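Novice: Below is the file entry-v5.pdb, with PDB, C-alpha atoms.
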```
MODEL        1
ATOM      1  CA  MET T  20      51.972  63.814 148.780
ATOM      2  CA  LYS T  21      50.448  67.055 150.062
ATOM      3  CA  GLN T  22      47.454  66.499 147.800
ATOM      4  CA  LEU T  23      46.959  63.010 149.226
ATOM      5  CA  LEU T  24      47.351  63.992 152.873
ATOM      6  CA  SER T  25      45.319  67.187 152.616
ATOM      7  CA  ASN T  26      42.320  65.034 151.658
ATOM      8  CA  PHE T  27      42.270  63.871 155.279
ATOM      9  CA  PRO T  28      40.663  66.520 157.564
ATOM     10  CA  ALA T  29      43.064  65.998 160.479
ATOM     11  CA  PHE T  30      46.036  67.094 158.363
ATOM     12  CA  ARG T  31      44.596  70.576 157.878
ATOM     13  CA  VAL T  32      46.686  71.776 160.822
ATOM     14  CA  LEU T  33      49.967  71.189 158.934
ATOM     15  CA  GLU T  34      51.614  73.767 156.666
ATOM     16  CA  ASP T  35      53.179  73.365 153.207
ATOM     17  CA  ARG T  36      56.685  73.173 154.682
ATOM     18  CA  ASP T  37      55.546  70.347 156.970
ATOM     19  CA  PHE T  38      54.252  68.310 154.040
ATOM     20  CA  GLU T  39      57.483  68.957 152.139
ATOM     21  CA  TRP T  40      59.599  67.764 155.062
ATOM     22  CA  LEU T  41      57.496  64.633 155.626
ATOM     23  CA  GLU T  42      57.842  63.819 151.928
ATOM     24  CA  SER T  43      61.623  64.290 152.127
ATOM     25  CA  ILE T  44      62.050  61.722 154.923
ATOM     26  CA  GLY T  45      59.179  59.362 154.137
ATOM     27  CA  GLN T  46      58.760  56.430 151.761
ATOM     28  CA  LYS T  47      55.471  55.332 150.259
ATOM     29  CA  LYS T  48      55.223  51.532 150.415
ATOM     30  CA  LYS T  49      52.650  48.835 149.729
ATOM     31  CA  TYR T  50      52.083  46.040 152.249
ATOM     32  CA  GLN T  51      50.282  42.765 151.704
ATOM     33  CA  SER T  52      47.590  41.259 153.909
ATOM     34  CA  GLY T  53      49.020  39.555 156.986
ATOM     35  CA  THR T  54      52.061  41.825 157.394
ATOM     36  CA  VAL T  55      52.686  42.747 161.040
ATOM     37  CA  LEU T  56      53.619  46.428 161.168
ATOM     38  CA  ILE T  57      53.918  46.803 164.934
ATOM     39  CA  GLU T  58      54.137  44.196 167.672
ATOM     40  CA  GLY T  59      52.326  45.150 170.843
ATOM     41  CA  GLY T  60      54.584  46.246 173.687
ATOM     42  CA  LYS T  61      57.698  46.327 171.491
ATOM     43  CA  SER T  62      59.696  49.202 170.069
ATOM     44  CA  ALA T  63      59.763  49.945 166.351
ATOM     45  CA  SER T  64      61.761  52.181 164.039
ATOM     46  CA  SER T  65      58.926  53.608 161.937
ATOM     47  CA  ILE T  66      55.700  55.591 162.199
ATOM     48  CA  TYR T  67      53.057  55.074 159.497
ATOM     49  CA  ILE T  68      50.400  57.169 157.799
ATOM     50  CA  CYS T  69      47.744  55.139 156.002
ATOM     51  CA  PHE T  70      46.880  56.255 152.458
ATOM     52  CA  SER T  71      44.615  53.296 151.643
ATOM     53  CA  GLY T  72      43.740  49.831 152.874
ATOM     54  CA  ASN T  73      42.707  48.425 156.232
ATOM     55  CA  LEU T  74      44.758  47.490 159.288
ATOM     56  CA  ALA T  75      43.569  45.386 162.232
ATOM     57  CA  VAL T  76      44.352  46.254 165.849
ATOM     58  CA  THR T  77      44.663  43.220 168.104
ATOM     59  CA  MET T  78      45.726  42.539 171.663
ATOM     60  CA  SER T  79      46.242  39.448 173.782
ATOM     61  CA  LEU T  80      46.624  39.157 177.540
ATOM     62  CA  LEU T  81      46.925  36.248 179.941
ATOM     63  CA  GLU T  82      47.745  33.800 177.116
ATOM     64  CA  VAL T  83      44.468  34.559 175.364
ATOM     65  CA  SER T  84      44.666  34.458 171.570
ATOM     66  CA  ASP T  85      44.651  37.759 169.716
ATOM     67  CA  GLN T  86      41.266  39.379 169.214
ATOM     68  CA  GLU T  87      40.569  42.002 166.583
ATOM     69  CA  LEU T  88      39.324  45.011 168.536
ATOM     70  CA  THR T  89      39.159  47.754 165.933
ATOM     71  CA  THR T  90      40.704  48.819 162.630
ATOM     72  CA  PHE T  91      42.769  51.636 161.148
ATOM     73  CA  SER T  92      41.992  53.008 157.707
ATOM     74  CA  ALA T  93      42.947  55.847 155.337
ATOM     75  CA  GLY T  94      44.038  59.066 157.040
ATOM     76  CA  GLU T  95      45.129  57.494 160.322
ATOM     77  CA  ILE T  96      48.554  57.610 161.951
ATOM     78  CA  ILE T  97      49.835  54.262 163.201
ATOM     79  CA  GLY T  98      52.512  53.911 165.867
ATOM     80  CA  GLU T  99      52.149  57.386 167.367
ATOM     81  CA  ASN T 100      52.512  55.778 170.798
ATOM     82  CA  LEU T 101      56.199  55.255 169.972
ATOM     83  CA  LEU T 102      56.689  59.026 169.750
ATOM     84  CA  LEU T 103      54.926  59.438 173.085
ATOM     85  CA  GLU T 104      56.986  56.660 174.690
ATOM     86  CA  GLN T 105      53.846  54.619 175.361
ATOM     87  CA  GLN T 106      52.972  50.964 174.906
ATOM     88  CA  GLY T 107      50.719  49.945 172.046
ATOM     89  CA  ALA T 108      48.728  47.110 170.551
ATOM     90  CA  THR T 109      49.682  44.841 167.646
ATOM     91  CA  VAL T 110      48.830  46.279 164.220
ATOM     92  CA  THR T 111      48.519  43.934 161.226
ATOM     93  CA  VAL T 112      47.663  44.659 157.592
ATOM     94  CA  LYS T 113      44.156  43.291 157.096
ATOM     95  CA  GLU T 114      43.768  44.287 153.458
ATOM     96  CA  SER T 115      46.474  45.333 151.016
ATOM     97  CA  ALA T 116      47.547  48.780 152.191
ATOM     98  CA  GLU T 117      49.563  51.736 150.945
ATOM     99  CA  LEU T 118      51.402  53.546 153.725
ATOM    100  CA  LEU T 119      53.801  56.424 154.190
ATOM    101  CA  VAL T 120      56.715  55.152 156.306
ATOM    102  CA  LEU T 121      58.386  57.802 158.497
ATOM    103  CA  PRO T 122      61.640  57.073 160.383
ATOM    104  CA  LYS T 123      60.908  57.458 164.097
ATOM    105  CA  GLU T 124      64.390  58.791 164.889
ATOM    106  CA  GLN T 125      64.218  61.661 162.393
ATOM    107  CA  LEU T 126      60.692  62.592 163.394
ATOM    108  CA  THR T 127      61.563  62.577 167.094
ATOM    109  CA  LYS T 128      64.607  64.792 166.476
ATOM    110  CA  ARG T 129      62.540  67.320 164.528
ATOM    111  CA  LEU T 130      59.917  67.436 167.295
ATOM    112  CA  GLN T 131      62.637  68.216 169.824
ATOM    113  CA  GLN T 132      64.323  70.912 167.724
ATOM    114  CA  ASP T 133      61.444  72.732 166.005
ATOM    115  CA  ARG T 134      58.800  74.090 168.398
ATOM    116  CA  GLU T 135      56.528  75.375 165.618
ATOM    117  CA  PHE T 136      56.510  72.001 163.863
ATOM    118  CA  ALA T 137      56.047  70.184 167.191
ATOM    119  CA  ALA T 138      52.981  72.275 168.066
ATOM    120  CA  ARG T 139      51.347  71.468 164.723
ATOM    121  CA  PHE T 140      52.314  67.789 164.731
ATOM    122  CA  TYR T 141      51.128  67.155 168.305
ATOM    123  CA  HIS T 142      47.894  68.923 167.362
ATOM    124  CA  LEU T 143      47.601  66.507 164.426
ATOM    125  CA  LEU T 144      48.226  63.522 166.723
ATOM    126  CA  SER T 145      45.621  64.806 169.177
ATOM    127  CA  ILE T 146      43.019  65.089 166.420
ATOM    128  CA  CYS T 147      43.739  61.572 165.122
ATOM    129  CA  LEU T 148      43.648  60.114 168.636
ATOM    130  CA  SER T 149      40.451  61.979 169.487
ATOM    131  CA  GLU T 150      38.731  60.536 166.413
ATOM    132  CA  ARG T 151      40.022  57.067 167.309
ATOM    133  CA  LEU T 152      38.797  57.368 170.874
ATOM    134  CA  ARG T 153      35.343  58.465 169.732
ATOM    135  CA  LYS T 154      35.076  55.310 167.626
ATOM    136  CA  LEU T 155      36.458  53.062 170.358
ATOM    137  CA  THR T 156      34.151  54.520 173.014
ATOM    138  CA  LYS T 157      31.061  53.658 170.987
ATOM    139  CA  LEU T 158      32.344  50.206 170.073
ATOM    140  CA  MET T 159      33.240  49.313 173.643
ATOM    141  CA  ALA T 160      30.078  50.816 175.156
ATOM    142  CA  ALA T 161      28.051  48.498 172.922
ATOM    143  CA  ARG T 162      30.074  45.600 174.403
ATOM    144  CA  ASN T 163      29.565  46.883 177.966
ATOM    145  CA  VAL T 164      33.266  47.710 178.308
ATOM    146  CA  LYS T 165      33.975  50.703 180.570
ATOM    147  CA  GLU T 166      37.112  52.777 180.862
ATOM    148  CA  GLY T 167      39.283  52.039 183.865
ATOM    149  CA  GLU T 168      40.114  54.404 186.680
ATOM    150  CA  PRO T 169      42.779  56.537 184.979
ATOM    151  CA  LEU T 170      45.745  58.302 186.422
ATOM    152  CA  ARG T 171      44.525  61.834 186.925
ATOM    153  CA  LYS T 172      44.844  63.645 183.636
ATOM    154  CA  VAL T 173      45.915  66.818 185.376
ATOM    155  CA  LEU T 174      49.130  65.086 186.455
ATOM    156  CA  VAL T 175      49.987  64.431 182.807
ATOM    157  CA  VAL T 176      49.180  67.984 181.736
ATOM    158  CA  PHE T 177      50.747  69.772 184.691
ATOM    159  CA  ALA T 178      53.914  67.666 184.458
ATOM    160  CA  THR T 179      54.301  68.837 180.847
ATOM    161  CA  LEU T 180      53.369  72.496 181.305
ATOM    162  CA  ASN T 181      55.503  74.975 183.231
ATOM    163  CA  ASP T 182      54.699  77.299 186.138
ATOM    164  CA  SER T 183      53.908  80.294 183.926
ATOM    165  CA  ASP T 184      51.454  78.150 181.919
ATOM    166  CA  ILE T 185      49.602  77.241 185.118
ATOM    167  CA  ALA T 186      49.556  80.882 186.262
ATOM    168  CA  TRP T 187      48.032  81.863 182.903
ATOM    169  CA  MET T 188      45.300  79.227 183.323
ATOM    170  CA  VAL T 189      44.443  80.589 186.786
ATOM    171  CA  ALA T 190      44.269  84.151 185.436
ATOM    172  CA  ASN T 191      42.216  83.315 182.341
ATOM    173  CA  GLY T 192      40.058  80.381 183.439
ATOM    174  CA  ILE T 193      36.527  80.663 184.866
ATOM    175  CA  ALA T 194      35.773  78.824 188.124
ATOM    176  CA  GLU T 195      32.247  77.377 188.064
ATOM    177  CA  LYS T 196      30.056  75.383 190.476
ATOM    178  CA  SER T 197      27.946  72.491 189.162
ATOM    179  CA  ALA T 198      24.934  71.259 191.158
ATOM    180  CA  PRO T 199      24.193  67.511 191.541
ATOM    181  CA  GLY T 200      22.343  66.168 188.500
ATOM    182  CA  SER T 201      23.254  69.066 186.226
ATOM    183  CA  ALA T 202      24.851  68.439 182.824
ATOM    184  CA  LEU T 203      28.226  70.045 182.212
ATOM    185  CA  ILE T 204      28.513  68.640 178.678
ATOM    186  CA  GLN T 205      25.751  67.236 176.443
ATOM    187  CA  GLN T 206      26.390  64.487 173.896
ATOM    188  CA  GLU T 207      26.219  65.655 170.250
ATOM    189  CA  GLN T 208      26.389  69.303 171.300
ATOM    190  CA  ALA T 209      29.221  71.822 171.022
ATOM    191  CA  VAL T 210      31.616  72.062 173.976
ATOM    192  CA  PRO T 211      32.632  75.677 174.678
ATOM    193  CA  ALA T 212      35.562  74.994 177.003
ATOM    194  CA  VAL T 213      38.108  72.559 178.367
ATOM    195  CA  TYR T 214      37.196  71.780 181.983
ATOM    196  CA  LEU T 215      39.467  70.899 184.916
ATOM    197  CA  LEU T 216      37.598  69.133 187.714
ATOM    198  CA  LEU T 217      38.794  70.700 190.973
ATOM    199  CA  GLU T 218      36.339  69.024 193.356
ATOM    200  CA  GLY T 219      33.466  66.532 193.226
ATOM    201  CA  MET T 220      32.544  63.583 191.006
ATOM    202  CA  LEU T 221      31.186  63.490 187.460
ATOM    203  CA  GLY T 222      29.576  60.681 185.484
ATOM    204  CA  ILE T 223      30.280  60.061 181.781
ATOM    205  CA  TYR T 224      27.341  58.767 179.734
ATOM    206  CA  VAL T 225      26.974  57.625 176.120
ATOM    207  CA  SER T 226      23.647  57.228 174.313
ATOM    208  CA  ILE T 227      23.741  54.323 171.857
ATOM    209  CA  PRO T 228      21.100  52.467 169.797
ATOM    210  CA  GLN T 229      20.163  49.120 171.301
ATOM    211  CA  ASN T 230      17.281  46.798 170.344
ATOM    212  CA  GLY T 231      15.499  49.479 168.381
ATOM    213  CA  THR T 232      15.768  52.180 171.034
ATOM    214  CA  VAL T 233      18.374  54.609 172.359
ATOM    215  CA  VAL T 234      19.917  53.657 175.698
ATOM    216  CA  GLU T 235      22.097  55.886 177.891
ATOM    217  CA  LYS T 236      24.964  53.991 179.481
ATOM    218  CA  GLU T 237      27.390  55.146 182.119
ATOM    219  CA  ILE T 238      30.876  54.423 180.802
ATOM    220  CA  ALA T 239      33.042  56.059 183.467
ATOM    221  CA  LYS T 240      33.231  58.255 186.536
ATOM    222  CA  ARG T 241      35.584  61.179 186.917
ATOM    223  CA  VAL T 242      36.931  62.688 190.142
ATOM    224  CA  LYS T 243      39.207  65.531 191.218
ATOM    225  CA  GLY T 244      42.082  66.055 188.812
ATOM    226  CA  GLU T 245      40.252  65.101 185.616
ATOM    227  CA  ILE T 246      40.118  67.105 182.383
ATOM    228  CA  LEU T 247      37.014  67.085 180.199
ATOM    229  CA  GLY T 248      36.105  68.495 176.798
ATOM    230  CA  GLU T 249      39.630  67.984 175.437
ATOM    231  CA  MET T 250      38.462  65.839 172.514
ATOM    232  CA  SER T 251      36.062  68.487 171.194
ATOM    233  CA  PHE T 252      38.768  71.102 171.632
ATOM    234  CA  VAL T 253      41.376  69.317 169.524
ATOM    235  CA  ASP T 254      39.102  68.134 166.701
ATOM    236  CA  GLY T 255      36.386  70.808 166.725
ATOM    237  CA  GLY T 256      33.666  68.183 166.963
ATOM    238  CA  VAL T 257      30.633  67.915 169.197
ATOM    239  CA  ALA T 258      30.716  66.006 172.472
ATOM    240  CA  SER T 259      30.947  62.224 172.126
ATOM    241  CA  ALA T 260      29.433  61.759 175.595
ATOM    242  CA  SER T 261      27.414  63.596 178.223
ATOM    243  CA  VAL T 262      29.010  64.674 181.498
ATOM    244  CA  LYS T 263      26.780  65.035 184.559
ATOM    245  CA  SER T 264      27.500  65.995 188.154
ATOM    246  CA  LEU T 265      27.000  63.078 190.534
ATOM    247  CA  GLU T 266      27.525  65.434 193.459
ATOM    248  CA  LYS T 267      28.320  69.095 193.942
ATOM    249  CA  ALA T 268      31.305  69.811 191.700
ATOM    250  CA  TRP T 269      33.739  72.664 191.119
ATOM    251  CA  VAL T 270      35.433  73.106 187.748
ATOM    252  CA  LEU T 271      37.782  75.535 186.050
ATOM    253  CA  ALA T 272      36.589  76.291 182.524
ATOM    254  CA  LEU T 273      39.182  77.292 179.924
ATOM    255  CA  PRO T 274      37.139  78.729 177.016
ATOM    256  CA  GLN T 275      38.184  77.325 173.651
ATOM    257  CA  LYS T 276      38.505  80.774 172.086
ATOM    258  CA  THR T 277      40.799  81.894 174.902
ATOM    259  CA  LEU T 278      43.021  78.820 174.496
ATOM    260  CA  VAL T 279      43.243  79.254 170.715
ATOM    261  CA  ALA T 280      44.276  82.886 171.077
ATOM    262  CA  LYS T 281      46.947  81.891 173.618
ATOM    263  CA  PHE T 282      48.289  79.172 171.322
ATOM    264  CA  LYS T 283      48.720  81.643 168.476
ATOM    265  CA  GLU T 284      50.891  83.965 170.565
ATOM    266  CA  ASP T 285      52.721  81.309 172.598
ATOM    267  CA  ARG T 286      53.780  78.325 170.490
ATOM    268  CA  GLY T 287      55.707  76.778 173.368
ATOM    269  CA  PHE T 288      52.493  76.601 175.386
ATOM    270  CA  ALA T 289      50.707  75.116 172.362
ATOM    271  CA  GLU T 290      53.381  72.432 171.958
ATOM    272  CA  ARG T 291      53.279  71.455 175.635
ATOM    273  CA  PHE T 292      49.492  71.477 175.835
ATOM    274  CA  TYR T 293      48.918  69.411 172.680
ATOM    275  CA  ARG T 294      51.608  66.905 173.631
ATOM    276  CA  SER T 295      49.991  66.356 177.016
ATOM    277  CA  LEU T 296      46.581  65.889 175.376
ATOM    278  CA  ALA T 297      48.077  63.383 172.917
ATOM    279  CA  LEU T 298      49.494  61.435 175.877
ATOM    280  CA  ILE T 299      46.110  61.396 177.607
ATOM    281  CA  LEU T 300      44.174  60.334 174.502
ATOM    282  CA  SER T 301      46.725  57.648 173.586
ATOM    283  CA  ASN T 302      46.478  56.130 177.043
ATOM    284  CA  ARG T 303      42.673  56.212 177.045
ATOM    285  CA  CYS T 304      42.664  54.366 173.714
ATOM    286  CA  LEU T 305      45.070  51.752 175.069
ATOM    287  CA  ASP T 306      42.997  51.334 178.229
ATOM    288  CA  LEU T 307      39.872  50.571 176.186
ATOM    289  CA  LEU T 308      41.797  48.142 173.963
ATOM    290  CA  VAL T 309      43.138  46.315 177.013
ATOM    291  CA  ARG T 310      39.688  46.065 178.539
ATOM    292  CA  GLY T 311      38.073  45.169 175.225
ATOM    293  CA  SER T 312      40.372  42.171 174.877
ATOM    294  CA  LEU T 313      39.014  40.787 178.158
ATOM    295  CA  VAL T 314      35.285  40.801 177.475
ATOM    296  CA  ASP T 315      35.177  37.087 176.749
ATOM    297  CA  ILE T 316      37.323  36.135 179.732
ATOM    298  CA  GLY T 317      35.793  34.916 183.004
ATOM    299  CA  GLN T 318      34.943  37.495 185.626
ATOM    300  CA  SER T 319      37.675  36.154 187.909
ATOM    301  CA  SER T 320      40.295  37.087 185.344
ATOM    302  CA  VAL T 321      38.947  40.625 185.099
ATOM    303  CA  GLY T 322      39.061  40.931 188.872
ATOM    304  CA  MET T 323      42.633  39.720 188.935
ATOM    305  CA  LEU T 324      43.656  42.279 186.338
ATOM    306  CA  SER T 325      42.225  45.128 188.378
ATOM    307  CA  GLU T 326      44.879  44.368 190.985
ATOM    308  CA  ASP T 327      47.708  44.259 188.443
ATOM    309  CA  VAL T 328      49.316  47.696 188.476
ATOM    310  CA  GLU T 329      51.361  47.106 185.330
ATOM    311  CA  VAL T 330      48.230  46.410 183.283
ATOM    312  CA  GLU T 331      45.812  48.715 185.042
ATOM    313  CA  ASP T 332      47.780  51.939 185.125
ATOM    314  CA  GLU T 333      47.380  54.074 182.032
ATOM    315  CA  LEU T 334      50.950  55.339 182.187
ATOM    316  CA  ASP T 335      54.175  53.412 182.429
ATOM    317  CA  LEU T 336      55.966  54.050 185.714
ATOM    318  CA  ASP T 337      58.925  55.536 183.827
ATOM    319  CA  LEU T 338      56.618  58.360 182.708
ATOM    320  CA  LEU T 339      55.522  59.260 186.221
ATOM    321  CA  GLU T 340      58.677  61.315 186.808
ATOM    322  CA  GLY T 341      57.535  64.844 187.412
ATOM    323  CA  THR T 342      54.097  64.000 188.786
ATOM    324  CA  ALA T 343      55.086  65.199 192.263
ATOM    325  CA  ILE T 344      55.642  68.719 190.970
ATOM    326  CA  ALA T 345      52.462  68.347 188.883
ATOM    327  CA  GLY T 346      50.506  67.626 192.070
ATOM    328  CA  THR T 347      52.075  70.648 193.738
ATOM    329  CA  ARG T 348      51.077  72.836 190.779
ATOM    330  CA  PHE T 349      47.503  71.548 190.920
ATOM    331  CA  ASP T 350      47.264  72.256 194.651
ATOM    332  CA  TRP T 351      48.693  75.739 194.054
ATOM    333  CA  MET T 352      46.034  76.355 191.377
ATOM    334  CA  ILE T 353      43.241  75.387 193.773
ATOM    335  CA  GLN T 354      44.652  77.647 196.496
ATOM    336  CA  GLN T 355      44.800  80.595 194.089
ATOM    337  CA  LEU T 356      41.226  80.039 192.903
ATOM    338  CA  ARG T 357      39.909  79.901 196.495
ATOM    339  CA  ARG T 358      41.116  83.431 197.182
TER     340      ARG T 358
ENDMDL
END
```
In structure tokens, write the structure found in this file.

Specialist:
Amino acid sequence: MKQLLSNFPAFRVLEDRDFEWLESIGQKKKYQSGTVLIEGGKSASSIYICFSGNLAVTMSLLEVSDQELTTFSAGEIIGENLLLEQQGATVTVKESAELLVLPKEQLTKRLQQDREFAARFYHLLSICLSERLRKLTKLMAARNVKEGEPLRKVLVVFATLNDSDIAWMVANGIAEKSAPGSALIQQEQAVPAVYLLLEGMLGIYVSIPQNGTVVEKEIAKRVKGEILGEMSFVDGGVASASVKSLEKAWVLALPQKTLVAKFKEDRGFAERFYRSLALILSNRCLDLLVRGSLVDIGQSSVGMLSEDVEVEDELDLDLLEGTAIAGTRFDWMIQQLRR
């Protein structure tokens, strides 16, 4: 199994003992076209890794029939949202597929008991989700689908980290000012840091081919409390979008090299940080899938959905426990950086 999985770049973060353990609890199975692996919004007992084949991701809202929004293929993890206690879309086998079936209960228990394994596995999930989000962003931008207004990412991260983690970020981050119109991140270029937006507003832009030319489209706006550059950090890739200041902005830059060095010496920090990034990326993917399923619905329906908290919010209300202390930590960070 190690030979099969190691062919997929994302799995490079796992060690031999991780592959051995996954093989000991997993079963390799073949599924025929039409098999429903996961039903959207429902719990399931298994997580899947795709060895071969093709799986369709569909979603239906407001009694609209399922629409195929994107696909999963070899090397992808399916059902990771169950580990993160998030909702998900329906996943159906589109072509005959060979999958590794992992019991959710055993995997969850190992993540809770083994910090080293958890750090590596959440890193793996973050890489897979980052790659998925890159694909979804381009697909949805071509269909004029924008991301929604997300719950501030910093609340997710700061609710997962602890006070000493935040203090380390204040001591090792670099506070920077960004003038209106300046580019913080350039599409298709390396991203040197993970950025926390402390003040101001940023625009997210994607350049895509359209009618024989390249068009830059605004796909989202980001305000105080956002985190940027996390996708390039987890997967080592270049930026999938450009980030520009729409007004005077203030950011805290956490250099990638500094974060990597910290992760090596503090595996608890690595586990907490990667888990929070996996949560953020999973919710961004779900948000785009939800919005992508509405592109053929009348504008009145889209307007109605924007007022529906249960659909609009990226995080389930049950997961908002701890956001009050996260907000307090963020305010404390800003106060420290102003000194």

Novice: Which residues match the PyMOL selection byres ((chain T and resi 114-125) around 8) in the file above, as a VMD selection string?

Specialist: chain T and resid 41 44 to 53 63 to 74 101 to 102 112 to 113 126 to 129

Novice: Provide the CA of Leu356 (chain T) to CA of Ala186 (chain T) distance in Å, to one decimal place.

Specialist: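 Interatomic distance here is 10.7 Å.
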
Novice: Neighbours of Met250 (chain T) within 12 Å (all atoms listed in the file; same-chain residues fewer than 3 positions away dropped), as number ranges by chain?

Specialist: T: 142, 144-153, 209-214, 246-247, 253-260, 275, 293, 296-297, 299-301, 303

Novice: Could those selected residues go to a file with C-alpha atoms, as a PDB file, keeping the file's coordinate frame?

Specialist:
```pdb
ATOM      1  CA  HIS T 142      47.894  68.923 167.362  1.00  0.00           C
ATOM      2  CA  LEU T 144      48.226  63.522 166.723  1.00  0.00           C
ATOM      3  CA  SER T 145      45.621  64.806 169.177  1.00  0.00           C
ATOM      4  CA  ILE T 146      43.019  65.089 166.420  1.00  0.00           C
ATOM      5  CA  CYS T 147      43.739  61.572 165.122  1.00  0.00           C
ATOM      6  CA  LEU T 148      43.648  60.114 168.636  1.00  0.00           C
ATOM      7  CA  SER T 149      40.451  61.979 169.487  1.00  0.00           C
ATOM      8  CA  GLU T 150      38.731  60.536 166.413  1.00  0.00           C
ATOM      9  CA  ARG T 151      40.022  57.067 167.309  1.00  0.00           C
ATOM     10  CA  LEU T 152      38.797  57.368 170.874  1.00  0.00           C
ATOM     11  CA  ARG T 153      35.343  58.465 169.732  1.00  0.00           C
ATOM     12  CA  ALA T 209      29.221  71.822 171.022  1.00  0.00           C
ATOM     13  CA  VAL T 210      31.616  72.062 173.976  1.00  0.00           C
ATOM     14  CA  PRO T 211      32.632  75.677 174.678  1.00  0.00           C
ATOM     15  CA  ALA T 212      35.562  74.994 177.003  1.00  0.00           C
ATOM     16  CA  VAL T 213      38.108  72.559 178.367  1.00  0.00           C
ATOM     17  CA  TYR T 214      37.196  71.780 181.983  1.00  0.00           C
ATOM     18  CA  ILE T 246      40.118  67.105 182.383  1.00  0.00           C
ATOM     19  CA  LEU T 247      37.014  67.085 180.199  1.00  0.00           C
ATOM     20  CA  VAL T 253      41.376  69.317 169.524  1.00  0.00           C
ATOM     21  CA  ASP T 254      39.102  68.134 166.701  1.00  0.00           C
ATOM     22  CA  GLY T 255      36.386  70.808 166.725  1.00  0.00           C
ATOM     23  CA  GLY T 256      33.666  68.183 166.963  1.00  0.00           C
ATOM     24  CA  VAL T 257      30.633  67.915 169.197  1.00  0.00           C
ATOM     25  CA  ALA T 258      30.716  66.006 172.472  1.00  0.00           C
ATOM     26  CA  SER T 259      30.947  62.224 172.126  1.00  0.00           C
ATOM     27  CA  ALA T 260      29.433  61.759 175.595  1.00  0.00           C
ATOM     28  CA  GLN T 275      38.184  77.325 173.651  1.00  0.00           C
ATOM     29  CA  TYR T 293      48.918  69.411 172.680  1.00  0.00           C
ATOM     30  CA  LEU T 296      46.581  65.889 175.376  1.00  0.00           C
ATOM     31  CA  ALA T 297      48.077  63.383 172.917  1.00  0.00           C
ATOM     32  CA  ILE T 299      46.110  61.396 177.607  1.00  0.00           C
ATOM     33  CA  LEU T 300      44.174  60.334 174.502  1.00  0.00           C
ATOM     34  CA  SER T 301      46.725  57.648 173.586  1.00  0.00           C
ATOM     35  CA  ARG T 303      42.673  56.212 177.045  1.00  0.00           C
TER      36      ARG T 303
END
```

Novice: Could you write out as JSON, numbers by chain the residues that the PyMOL selection byres ((chain T and resi 220) around 8) matches in the shown file?

Specialist: {"T": [218, 219, 221, 222, 240, 241, 242, 243, 264, 265, 266, 267, 268]}

Novice: Which one is closest to Ala343 (chain T): T:Arg162, T:Phe91, T:Asp285, T:Val173? Count all atoms listed in the file.

Specialist: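 Residue with the minimum atom-to-atom distance to Ala343 (chain T): T:Val173.
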
Novice: So that all listed atoms of region 54-59 of chain T fit with 3 Å spare on each side, what axis-aligned box centre and edge lengths in Å, to one decimal, would you give as AutoDock Vina command-line options?

Specialist:
```
--center_x 53.1 --center_y 44.3 --center_z 164.1 --size_x 8.1 --size_y 11.0 --size_z 19.4
```
